[in-house]
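Report on the following structure.
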Amino acid sequence: MTSENGIHDLARREYKYGFATEIETESAPPGLSEDSIRLISSKKNEPAFMLEWRLKAYRHWLTMTEPKWAKVSHPPIDYQGIIYYSAPKTERRPKSLAEVDPILLATYRKLGIPLKEQEMLAGVAIDAVFDSVSVATTYKEHLAKLGIIFCAFSEAVQNHPELVRKYLGTVVPYADNFFAALNSAVFSDGSFCYIPKGVRCPMELSTYFRINAPQIGQFERTLIIAEEGSYVSYLEGCTATMRAEHQLHAAVVELIALDRAQIKYATVQNWYPGDSEGQGGVYNFVTKRGICAGVDSRISWTQVEVGSAITWKYPSVILRGDSSIGEFYSVALTTNRQQADTGTKMIHLGKNSRSTIVSKGISAGNAQNTYRGLVTILKKATGCRNYTQCHSLLLGDRCGAHTFPSIEVRNASSQVEHEASTTKIGEDQIFYCRQRGLSSEDAVSLILNGFCHEVFNELPMEFAVEAQKLLNVRLEGTVG
Amino acid sequence: MPDVILEIRELQASAAGKEILRGVNLTIRAGEVHAVMGPNASGKSTLAYVLAGREGYEATAGTVRYAGNDLLAMPSEARARAGLFLAFQYPVEIPGMTTLQFLKAALNSLRKHRGLEELDAIDFLALVRERVQLLDVDADFLNRPLNAGFSGGEKKRNEILQMAFLDPKLAILAETDSGLDIDALKIVAGGVNALRSQDRAMLLITHYQRLLNFVVPDYVHVLLNGRIVKSGGKELAVRVEERGYGWLEEPGDRIFAPKVTP
C-alpha cells in the first residue's frame with residue numbers, strides 16, 4: 001500500500017553488477033611514493049615527459065589537503081592503503097577481440113555490453129577498460145580511415161606522444177585540485193580521442209570502465225580533442241564489483257573543442273553505492289572539464305548519476321570562444337546512505353557565449369543530494385546568457401536536497417536566469433495513477449521519468465532507455 | 001433486469017479519524033445514471049474516495065459489492081483494472097509527462113490485466129483520433145504535460161477523455177461541474193452523454209443541479225450528514241435547486257449540515 005509512510009520504506013536493493021571476476025592480475029603493492037609512480041610509468045613504457053609530469057603532480061599533491069567544502073562526510077582515506085596499479089595478466093596486448101581473454105568477455109556480457117554484438121549491430125566503437133589497462137578496442141581501423149584516433153590513453157602515449165604532450169593538463173592542470181593532482185600522478189589508463197578537422201565521427205564512441213580487483217583505486221584519464229568543425233559524441237558507462245570496503249575512483253576528463261567543433265559527452269554512472277547501512281561503495285571524486293576554445297564551439301555534458309557511495313563531481317565548461325555554447329544536463333539519484341555533491345561550472349570568457357544548466361536531483365532513504373553550481377561571466381564577455389534550472393525531488397522524509405548556486409556577472413549586457421524547485425512525490429499523484437490502473441511502482445517510475453525527461457532527451461536512445469530502467473531498479477522497494 | 005454493478009449496504013466511513021459516512025445504501029445497475037447531491041461536508045467526496053480506494057478514507061462498517069466482488073478488499077489499482085473509474089474533482093499535475101504518454105501507460109496497464117494485447121503507438125493513436133472525435137474536444141492538450149498549467153475546463157475535459165479511453169464499467173464523476181463556465185460544462189456534459197451506454201453505470205456527484213440540466217439522471221439521491229435521506233427521479237434535483245437542502249434535514253441531526261435558507 002502506498003502512503004506517505006510507505007514511500008520512505010526503503011528496502012535494500014541488491015546491486016546487480018556486484019559480481020567479481022576471477023582472473024589473474026598483476027598488481028603493484030599498495031602505497032604511493034615516487035617509486036610507485038616510476039613503477040607505473042615504466043610498466044607502461046612511457047616517454048620521459050610523462051614520468052616528469054607525473055612526478056611534478058605527485059610533488060604538488062604532497063603539498064595539498066583534501067577539499068572539505070563539499071556537503072559529504074566520510075572517514076579519512078588511507079592513500080597508502082590503495083593499490084595504484086593492477087592489470088589482468090596476459091602475455092601481450094590483444095590485437096583483436098578474438099585474442100581477448102574469454103573470461104573478460106564473459107564479464108562484459110554479464111554487464112550487458114556484448115562487444116561482438118555491438119561491433120556488428122550497434123556500430124558502437126567500445127574502448128573497454130578493465131581495471132587499469134585497455135583490453136579491447138573495436139572499430140579502431142574503421143575510424144582510422146577518417147583520421148579519427150580512438151584508443152587507450154596508454155596507447156596514445158606510445159603512438160601519438162605529440163598530441164598527448166600538447167593537450168594533457170591544458171584543461172585540468174595537475175595542480176587544479178587534490179584529486180586531479182592524485183590522478184595526474186598515478187593515472188593508469190583511460191581513453192584518448194582525436195577528431196581531425198571537419199570530420200563528423202560517424203558513430204557514438206563508448207568506453208566502459210569497470211573496477212574489478214579488490215582494493216584498487218581506479219584513476220582513469222580521458223582526453224578528447226575535437227579539431228575545427230568536427231563533431232563527436234562520446235558515452236561512458238560505469239559499474240563496479242560489490243566489495244565491503246570503500247574504493248576510490250578519482251578520474252580526470254579533459255575535453256577540447258576548437259572553432260565550430262562540437263563534443264557531446266554522456267555518462268551513466270552506476271558504481272557500487274554501498275549497502276543500505278553505508279558499508280562499502282565507491283568514492284567517486286572526479287574532475288571533468290571542457291574548454292570551448294574556438295568560436296562557435298559547443299560542449300555538452302549529460303550525466304545520469306545513480307551509483308557510488310559518494311559522488312563529488314562538477315563537469316564544467318570554460319567558454320573561451322566567442323558565441324560558444326556550454327551545456328550541462330544531470331540526473332543524480334541517491335538512495336540509502338548515498339551522498340552526492342554534484343553540479344557544474346560555466347565560465348564565460350567569450351562574447352555572446354551561452355550556457356544551459358538542467359539539474360535534477362532525486363533523493364530517497366537517508367540520502368543527501370546537493371547541487372552546487374557556479375556561473376561566472378567576466379567583464380569582457382558581453383552579451384552572454386545563462387539559463388539554470390535546478391529541481392529536486394524527495395521521496396520520504398529522511399532524505400535531503402540542497403542547492404548551492406553561485407552567480408557572478410561582471411557586465412551589464414549579459415542575462416542570467418535561475419529557476420529552482422523542491423518537490424515531493426505526492427500521495428495525490430500516486431493515487432491518481434493507481435486510480436487509472438497503474439501500480440504504485442509504475443506510478444513512481446512515470447513521475448520520475450517525467451521529472452527527468454529533459455535530461456534523458458539528451459542521451460542517445462538506447463542509453464536513455466537504460467537510464468530509465470536503472471532509475472527504476474535503483475528505486476525498487478522505495479515505494480509500496 | 002440489468003445486472004447490479006454497485007451495491008452499497010450500510011456503509012460507514014471515516015476520513016482523518018472523523019466519521020463522515022453514517023450508513024449509506026445505494027444500488028446501481030448497468031445502464032443507469034445516478035446523481036448524488038448534497039451540500040458541503042455532507043460526505044460526497046468521501047463517498048467517491050472510499051469507492052475508489054483512496055488511502056486515508058476508511059470504511060468502518062458495511063459492505064460494497066462491485067460486479068459481484070468485495071470492492072473494499074481490492075487495492076485501488078485493482079478496482080481501476082476491474083473497470084471502476086473516478087473523474088477527479090481536482091486532477092493532479094504530473095509535469096514532464098504528456099497526457100498522451102500517461103493515457104497510453106494507463107490504457108495498456110488495463111489491457112494487460114484484462115488479458116488483452118498492449119496497444120502499440122500506431123493503434124493507440126488511431127484510438128486517440130476516434131475518441132477525440134467522439135467527444136468533439138480540442139486535442140491540443142494531449143501533447144502537453146499532464147494537467148500542468150491546464151485551465152479548470154481543460155482538466156475536466158481531460159478527465160472525460162480519459163474516461164472515454166479507459167471504457168469503464170462504473171464511472172464516478174466527482175463534482176465534475178464545479179468551477180466550469182457554461183461552455184465548458186456543455187462540453188463535459190456532452191462527453192458524459194456520449195459515453196452513456198447499456199453496459200455502463202454512472203454516478204454523478206454534485207453540489208448543484210446545473211450539470212443535471214445537461215446530463216439527465218435516471219435517479220437522484222440527496223446525501224446529508226453522511227446518509228442518503230431522499231431518493232427519487234430527476235424531478236428531485238429540481239426541487240433541491242428550488243428549495244435548497246434545508247427541508248430534507250432530519251431534526252437533531254445538524255452535525256455537519258450548513259445553514260441553508262429554506
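By order in the C-alpha cells, chains are A, B, ...; within a chain, residues start at 1; ligands start at 1, following the order shown.
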Please report as a tab-separated table every residue of chain B lying within 9 Å of chain A, along with the nearest atom pair and their distance in Å (one decimal), using only C-alpha atoms.
residue	atom	partner	partner_atom	distance
B:Ala52	CA	A:Gln435	CA	6.9
B:Gly53	CA	A:Gln435	CA	8.3
B:Arg54	CA	A:Phe431	CA	6.7
B:Glu55	CA	A:Ser3	CA	6.9
B:Gly56	CA	A:Ser3	CA	8.7
B:Pro75	CA	A:Met1	CA	7.8
B:Ser76	CA	A:Gln435	CA	5.9
B:Glu77	CA	A:Gly437	CA	4.5
B:Ala78	CA	A:Gly437	CA	6.7
B:Arg79	CA	A:Gln435	CA	7.6
B:Ala80	CA	A:Gly437	CA	4.9
B:Arg81	CA	A:Gly437	CA	5.2
B:Ala82	CA	A:Gly437	CA	8.7
B:Leu84	CA	A:Gln435	CA	8.2
B:Phe85	CA	A:Gln435	CA	6.9
B:Leu86	CA	A:Gln435	CA	7.0
B:Phe88	CA	A:Tyr432	CA	8.3
B:Pro91	CA	A:Tyr432	CA	7.6
B:Val92	CA	A:Gln429	CA	6.0
B:Glu93	CA	A:Gln429	CA	7.4
B:Ile94	CA	A:Ile447	CA	6.5
B:Pro95	CA	A:Gly450	CA	6.2
B:Gly96	CA	A:Gly450	CA	3.9
B:Met97	CA	A:Gly450	CA	4.6
B:Thr98	CA	A:Gly450	CA	8.3
B:Phe102	CA	A:Leu446	CA	8.0
B:Leu103	CA	A:Arg436	CA	8.7
B:Ala105	CA	A:Leu438	CA	7.7
B:Ala106	CA	A:Arg436	CA	5.6
B:Leu107	CA	A:Gly437	CA	8.0
B:Ser109	CA	A:Gly437	CA	6.1
B:Leu110	CA	A:Gly437	CA	5.9
B:His113	CA	A:Gly437	CA	8.9
B:Pro145	CA	A:Gly450	CA	8.5
B:Gln162	CA	A:Arg436	CA	8.8
B:Leu166	CA	A:Arg436	CA	8.1
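Nearest to Pro39 in chain B of all the residues B:His221, B:His207, B:Lys230, B:Lys156 is B:His207, counting only C-alpha atoms.
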Using only C-alpha atoms, determine which residues lie at most 10 Å from Leu236 in chain B, disregarding the query and same-chain residues fewer than 5 positions distant; provide the list as a list in words.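 Neighbouring residues, sequence-local ones excluded: Met37, Gln209, Tyr219, Val220, His221, Val222, Lys230, Ser231, Glu241 and Glu242 of chain B.
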When distances are computed from only C-alpha atoms, which of B:Phe141, B:Phe150, B:Tyr66, B:Tyr245 shows the smallest separation from Ile28 in chain B?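 Between B:Phe141, B:Phe150, B:Tyr66, B:Tyr245, the residue approaching Ile28 in chain B most closely is B:Tyr66.
The residue that comes closest to Arg29 in chain B, out of B:Arg239, B:Lys104, B:Arg65, B:Lys44 and on the basis of only C-alpha atoms, is B:Arg65.
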Going by DSSP on the backbone, which bits of range 75-218 of chain B are strand (DSSP E)? Write them as a list in words, please. Leu84, Phe85, Leu86, Ala87, Ile94, Pro95, Gly96, Met97, Thr98, Pro145, Leu146, Leu170, Ala171, Ile172, Leu173, Ala174, Ala201, Met202, Leu203, Leu204, Ile205 and Thr206 of chain B
I need the chosen residues saved as a tab-separated table (two decimals), in the first residue's frame, with N, CA and C atoms.
chain	number	residue	atom	x	y	z
B	84	LEU	N	-13.54	0.37	-12.62
B	84	LEU	CA	-14.07	1.49	-11.84
B	84	LEU	C	-13.23	2.73	-12.14
B	85	PHE	N	-13.89	3.78	-12.58
B	85	PHE	CA	-13.18	4.99	-12.98
B	85	PHE	C	-13.67	6.17	-12.16
B	86	LEU	N	-12.72	6.95	-11.66
B	86	LEU	CA	-13.10	8.17	-10.93
B	86	LEU	C	-12.60	9.39	-11.70
B	87	ALA	N	-13.55	10.24	-12.10
B	87	ALA	CA	-13.15	11.53	-12.67
B	87	ALA	C	-12.97	12.47	-11.49
B	94	ILE	N	1.11	16.23	-13.36
B	94	ILE	CA	2.36	15.47	-13.40
B	94	ILE	C	3.24	16.08	-14.49
B	95	PRO	N	4.14	16.96	-14.10
B	95	PRO	CA	4.95	17.66	-15.09
B	95	PRO	C	5.90	16.68	-15.79
B	96	GLY	N	6.23	16.99	-17.02
B	96	GLY	CA	7.25	16.19	-17.69
B	96	GLY	C	6.70	15.00	-18.45
B	97	MET	N	5.47	14.63	-18.18
B	97	MET	CA	4.89	13.51	-18.92
B	97	MET	C	3.67	14.01	-19.68
B	98	THR	N	3.63	13.76	-20.98
B	98	THR	CA	2.48	14.28	-21.72
B	98	THR	C	1.25	13.45	-21.38
B	145	PRO	N	2.23	18.44	-20.94
B	145	PRO	CA	2.39	17.65	-19.71
B	145	PRO	C	1.07	17.53	-18.96
B	146	LEU	N	0.85	16.36	-18.39
B	146	LEU	CA	-0.44	16.02	-17.81
B	146	LEU	C	-0.94	17.07	-16.82
B	170	LEU	N	-18.03	1.26	-14.38
B	170	LEU	CA	-18.67	2.22	-13.47
B	170	LEU	C	-17.84	3.49	-13.45
B	171	ALA	N	-18.47	4.60	-13.87
B	171	ALA	CA	-17.76	5.87	-13.85
B	171	ALA	C	-18.32	6.74	-12.74
B	172	ILE	N	-17.44	7.19	-11.87
B	172	ILE	CA	-17.86	8.09	-10.79
B	172	ILE	C	-17.31	9.47	-11.13
B	173	LEU	N	-18.17	10.44	-11.23
B	173	LEU	CA	-17.72	11.79	-11.58
B	173	LEU	C	-17.87	12.68	-10.37
B	174	ALA	N	-16.73	13.05	-9.78
B	174	ALA	CA	-16.76	13.82	-8.54
B	174	ALA	C	-16.76	15.30	-8.85
B	201	ALA	N	-22.48	1.97	-15.97
B	201	ALA	CA	-23.21	2.70	-14.94
B	201	ALA	C	-22.45	3.97	-14.62
B	202	MET	N	-23.19	5.02	-14.24
B	202	MET	CA	-22.53	6.27	-13.89
B	202	MET	C	-23.08	6.81	-12.59
B	203	LEU	N	-22.15	7.36	-11.82
B	203	LEU	CA	-22.53	8.00	-10.57
B	203	LEU	C	-22.00	9.43	-10.60
B	204	LEU	N	-22.94	10.39	-10.70
B	204	LEU	CA	-22.54	11.80	-10.73
B	204	LEU	C	-22.65	12.36	-9.32
B	205	ILE	N	-21.57	12.93	-8.84
B	205	ILE	CA	-21.60	13.51	-7.50
B	205	ILE	C	-21.51	15.01	-7.66
B	206	THR	N	-22.50	15.72	-7.15
B	206	THR	CA	-22.54	17.15	-7.44
B	206	THR	C	-23.21	17.95	-6.33
Applying 10 Å and only C-alpha atoms, which residues near Leu212 in chain B remain after dropping the ones on its own chain fewer than 3 positions away? List them as a PDB file with C-alpha atoms, in the first residue's frame.
ATOM      1  CA  ALA B  35     -26.790  11.517  -9.221  1.00  0.00           C
ATOM      2  CA  ASP B 177     -19.210  20.531 -12.863  1.00  0.00           C
ATOM      3  CA  ALA B 189     -21.874  17.033 -20.298  1.00  0.00           C
ATOM      4  CA  LEU B 204     -22.540  11.799 -10.730  1.00  0.00           C
ATOM      5  CA  THR B 206     -22.539  17.151  -7.439  1.00  0.00           C
ATOM      6  CA  TYR B 208     -25.532  21.867  -7.811  1.00  0.00           C
ATOM      7  CA  GLN B 209     -28.299  20.813 -10.062  1.00  0.00           C
ATOM      8  CA  VAL B 215     -26.998  15.106 -18.152  1.00  0.00           C
ATOM      9  CA  VAL B 216     -30.390  13.807 -17.184  1.00  0.00           C
ATOM     10  CA  PRO B 217     -30.033  11.148 -14.472  1.00  0.00           C
ATOM     11  CA  VAL B 220     -31.316  11.344  -7.845  1.00  0.00           C
ATOM     12  CA  LYS B 234     -34.806  13.646 -11.957  1.00  0.00           C
ATOM     13  CA  ALA B 237     -32.930  17.587  -8.397  1.00  0.00           C
ATOM     14  CA  VAL B 238     -35.207  20.381  -9.490  1.00  0.00           C
TER      15      VAL B 238
END
Distance CA of Leu72 in chain B-CA of Leu116 in chain B, one decimal place?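 Between CA of Leu72 in chain B and CA of Leu116 in chain B the gap works out to 25.6 Å.
Note that the spacing between CA of Leu319 in chain A and CA of Ile377 in chain A amounts to 9.5 Å.
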Every residue of range 2-217 of chain B that DSSP places in helix (DSSP H, G or I), as a PDB file with C-alpha atoms, in the first residue's frame:
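Wrote out-v6.pdb, looks like this:
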ATOM      1  CA  LYS B  44     -19.898  13.443  -1.190  1.00  0.00           C
ATOM      2  CA  SER B  45     -16.158  13.360  -1.775  1.00  0.00           C
ATOM      3  CA  THR B  46     -15.647  10.793   0.989  1.00  0.00           C
ATOM      4  CA  LEU B  47     -18.099   8.520  -0.810  1.00  0.00           C
ATOM      5  CA  ALA B  48     -16.159   8.934  -4.069  1.00  0.00           C
ATOM      6  CA  TYR B  49     -12.790   8.300  -2.420  1.00  0.00           C
ATOM      7  CA  VAL B  50     -13.944   5.299  -0.406  1.00  0.00           C
ATOM      8  CA  LEU B  51     -15.279   3.719  -3.592  1.00  0.00           C
ATOM      9  CA  ALA B  52     -12.011   4.450  -5.422  1.00  0.00           C
ATOM     10  CA  LEU B  71     -14.818  -3.857  -3.541  1.00  0.00           C
ATOM     11  CA  LEU B  72     -13.420  -2.765  -0.197  1.00  0.00           C
ATOM     12  CA  ALA B  73     -10.956  -5.661  -0.191  1.00  0.00           C
ATOM     13  CA  SER B  76      -7.087   0.964  -5.677  1.00  0.00           C
ATOM     14  CA  GLU B  77      -5.392  -0.133  -8.893  1.00  0.00           C
ATOM     15  CA  ALA B  78      -7.304  -3.446  -8.887  1.00  0.00           C
ATOM     16  CA  ARG B  79     -10.572  -1.512  -8.749  1.00  0.00           C
ATOM     17  CA  ALA B  80      -9.452   0.578 -11.700  1.00  0.00           C
ATOM     18  CA  ARG B  81      -8.442  -2.532 -13.618  1.00  0.00           C
ATOM     19  CA  THR B  99      -1.164  13.439 -21.349  1.00  0.00           C
ATOM     20  CA  LEU B 100      -0.779  11.093 -24.289  1.00  0.00           C
ATOM     21  CA  GLN B 101       2.034   9.160 -22.628  1.00  0.00           C
ATOM     22  CA  PHE B 102       0.023   8.885 -19.452  1.00  0.00           C
ATOM     23  CA  LEU B 103      -3.050   7.668 -21.283  1.00  0.00           C
ATOM     24  CA  LYS B 104      -1.046   5.058 -23.106  1.00  0.00           C
ATOM     25  CA  ALA B 105       0.510   3.759 -19.894  1.00  0.00           C
ATOM     26  CA  ALA B 106      -2.879   3.633 -18.168  1.00  0.00           C
ATOM     27  CA  LEU B 107      -4.661   2.003 -21.084  1.00  0.00           C
ATOM     28  CA  ASN B 108      -2.002  -0.621 -21.563  1.00  0.00           C
ATOM     29  CA  SER B 109      -1.947  -1.380 -17.870  1.00  0.00           C
ATOM     30  CA  LEU B 110      -5.699  -2.053 -18.003  1.00  0.00           C
ATOM     31  CA  ARG B 111      -5.405  -4.099 -21.191  1.00  0.00           C
ATOM     32  CA  LYS B 112      -2.602  -6.161 -19.734  1.00  0.00           C
ATOM     33  CA  HIS B 113      -4.640  -7.037 -16.685  1.00  0.00           C
ATOM     34  CA  ALA B 121       1.903   3.525 -30.872  1.00  0.00           C
ATOM     35  CA  ILE B 122       0.054   3.284 -34.187  1.00  0.00           C
ATOM     36  CA  ASP B 123      -3.058   1.548 -32.859  1.00  0.00           C
ATOM     37  CA  PHE B 124      -3.053   3.814 -29.862  1.00  0.00           C
ATOM     38  CA  LEU B 125      -3.000   6.967 -31.984  1.00  0.00           C
ATOM     39  CA  ALA B 126      -5.826   5.614 -34.122  1.00  0.00           C
ATOM     40  CA  LEU B 127      -7.859   5.133 -30.952  1.00  0.00           C
ATOM     41  CA  VAL B 128      -6.956   8.643 -29.835  1.00  0.00           C
ATOM     42  CA  ARG B 129      -8.297  10.121 -33.055  1.00  0.00           C
ATOM     43  CA  GLU B 130     -11.520   8.168 -32.767  1.00  0.00           C
ATOM     44  CA  ARG B 131     -12.224   9.125 -29.157  1.00  0.00           C
ATOM     45  CA  VAL B 132     -11.273  12.739 -29.652  1.00  0.00           C
ATOM     46  CA  GLN B 133     -13.826  12.912 -32.447  1.00  0.00           C
ATOM     47  CA  LEU B 134     -16.465  11.251 -30.352  1.00  0.00           C
ATOM     48  CA  LEU B 135     -16.073  13.850 -27.635  1.00  0.00           C
ATOM     49  CA  ALA B 139      -7.000  17.710 -28.514  1.00  0.00           C
ATOM     50  CA  ASP B 140      -4.161  20.199 -28.143  1.00  0.00           C
ATOM     51  CA  PHE B 141      -3.670  19.366 -24.511  1.00  0.00           C
ATOM     52  CA  LEU B 142      -2.796  15.760 -25.308  1.00  0.00           C
ATOM     53  CA  ASN B 143       0.735  16.769 -26.125  1.00  0.00           C
ATOM     54  CA  GLY B 152     -10.064  24.174 -14.904  1.00  0.00           C
ATOM     55  CA  GLY B 153     -12.097  23.347 -18.014  1.00  0.00           C
ATOM     56  CA  GLU B 154      -9.190  21.597 -19.704  1.00  0.00           C
ATOM     57  CA  LYS B 155      -8.555  19.464 -16.643  1.00  0.00           C
ATOM     58  CA  LYS B 156     -12.157  18.335 -16.523  1.00  0.00           C
ATOM     59  CA  ARG B 157     -12.256  17.632 -20.248  1.00  0.00           C
ATOM     60  CA  ASN B 158      -9.114  15.626 -19.829  1.00  0.00           C
ATOM     61  CA  GLU B 159     -10.861  13.530 -17.179  1.00  0.00           C
ATOM     62  CA  ILE B 160     -13.760  12.861 -19.525  1.00  0.00           C
ATOM     63  CA  LEU B 161     -11.361  11.986 -22.320  1.00  0.00           C
ATOM     64  CA  GLN B 162      -9.599   9.519 -20.065  1.00  0.00           C
ATOM     65  CA  MET B 163     -12.930   8.023 -19.193  1.00  0.00           C
ATOM     66  CA  ALA B 164     -13.665   7.578 -22.891  1.00  0.00           C
ATOM     67  CA  PHE B 165     -10.343   5.814 -23.313  1.00  0.00           C
ATOM     68  CA  LEU B 166     -10.463   3.517 -20.376  1.00  0.00           C
ATOM     69  CA  ILE B 182     -21.344  27.184 -19.129  1.00  0.00           C
ATOM     70  CA  ASP B 183     -19.498  26.330 -22.357  1.00  0.00           C
ATOM     71  CA  ALA B 184     -17.085  24.006 -20.615  1.00  0.00           C
ATOM     72  CA  LEU B 185     -19.984  22.470 -18.744  1.00  0.00           C
ATOM     73  CA  LYS B 186     -21.756  21.739 -22.018  1.00  0.00           C
ATOM     74  CA  ILE B 187     -18.686  20.090 -23.468  1.00  0.00           C
ATOM     75  CA  VAL B 188     -18.191  17.938 -20.402  1.00  0.00           C
ATOM     76  CA  ALA B 189     -21.874  17.033 -20.298  1.00  0.00           C
ATOM     77  CA  GLY B 190     -21.792  16.210 -23.991  1.00  0.00           C
ATOM     78  CA  GLY B 191     -18.924  13.828 -23.327  1.00  0.00           C
ATOM     79  CA  VAL B 192     -20.754  12.165 -20.481  1.00  0.00           C
ATOM     80  CA  ASN B 193     -23.873  11.752 -22.597  1.00  0.00           C
ATOM     81  CA  ALA B 194     -21.849  10.287 -25.455  1.00  0.00           C
ATOM     82  CA  LEU B 195     -20.484   7.700 -23.063  1.00  0.00           C
ATOM     83  CA  ARG B 210     -26.928  22.621 -13.100  1.00  0.00           C
ATOM     84  CA  LEU B 211     -24.973  19.654 -14.534  1.00  0.00           C
ATOM     85  CA  LEU B 212     -28.243  17.735 -14.371  1.00  0.00           C
ATOM     86  CA  ASN B 213     -29.777  20.163 -16.878  1.00  0.00           C
TER      87      ASN B 213
END
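With only C-alpha atoms as the atoms that count, the residue of B:Gly244, B:Val4, B:Arg114, B:Asn69 with the shortest distance to Leu224 in chain B is B:Gly244.
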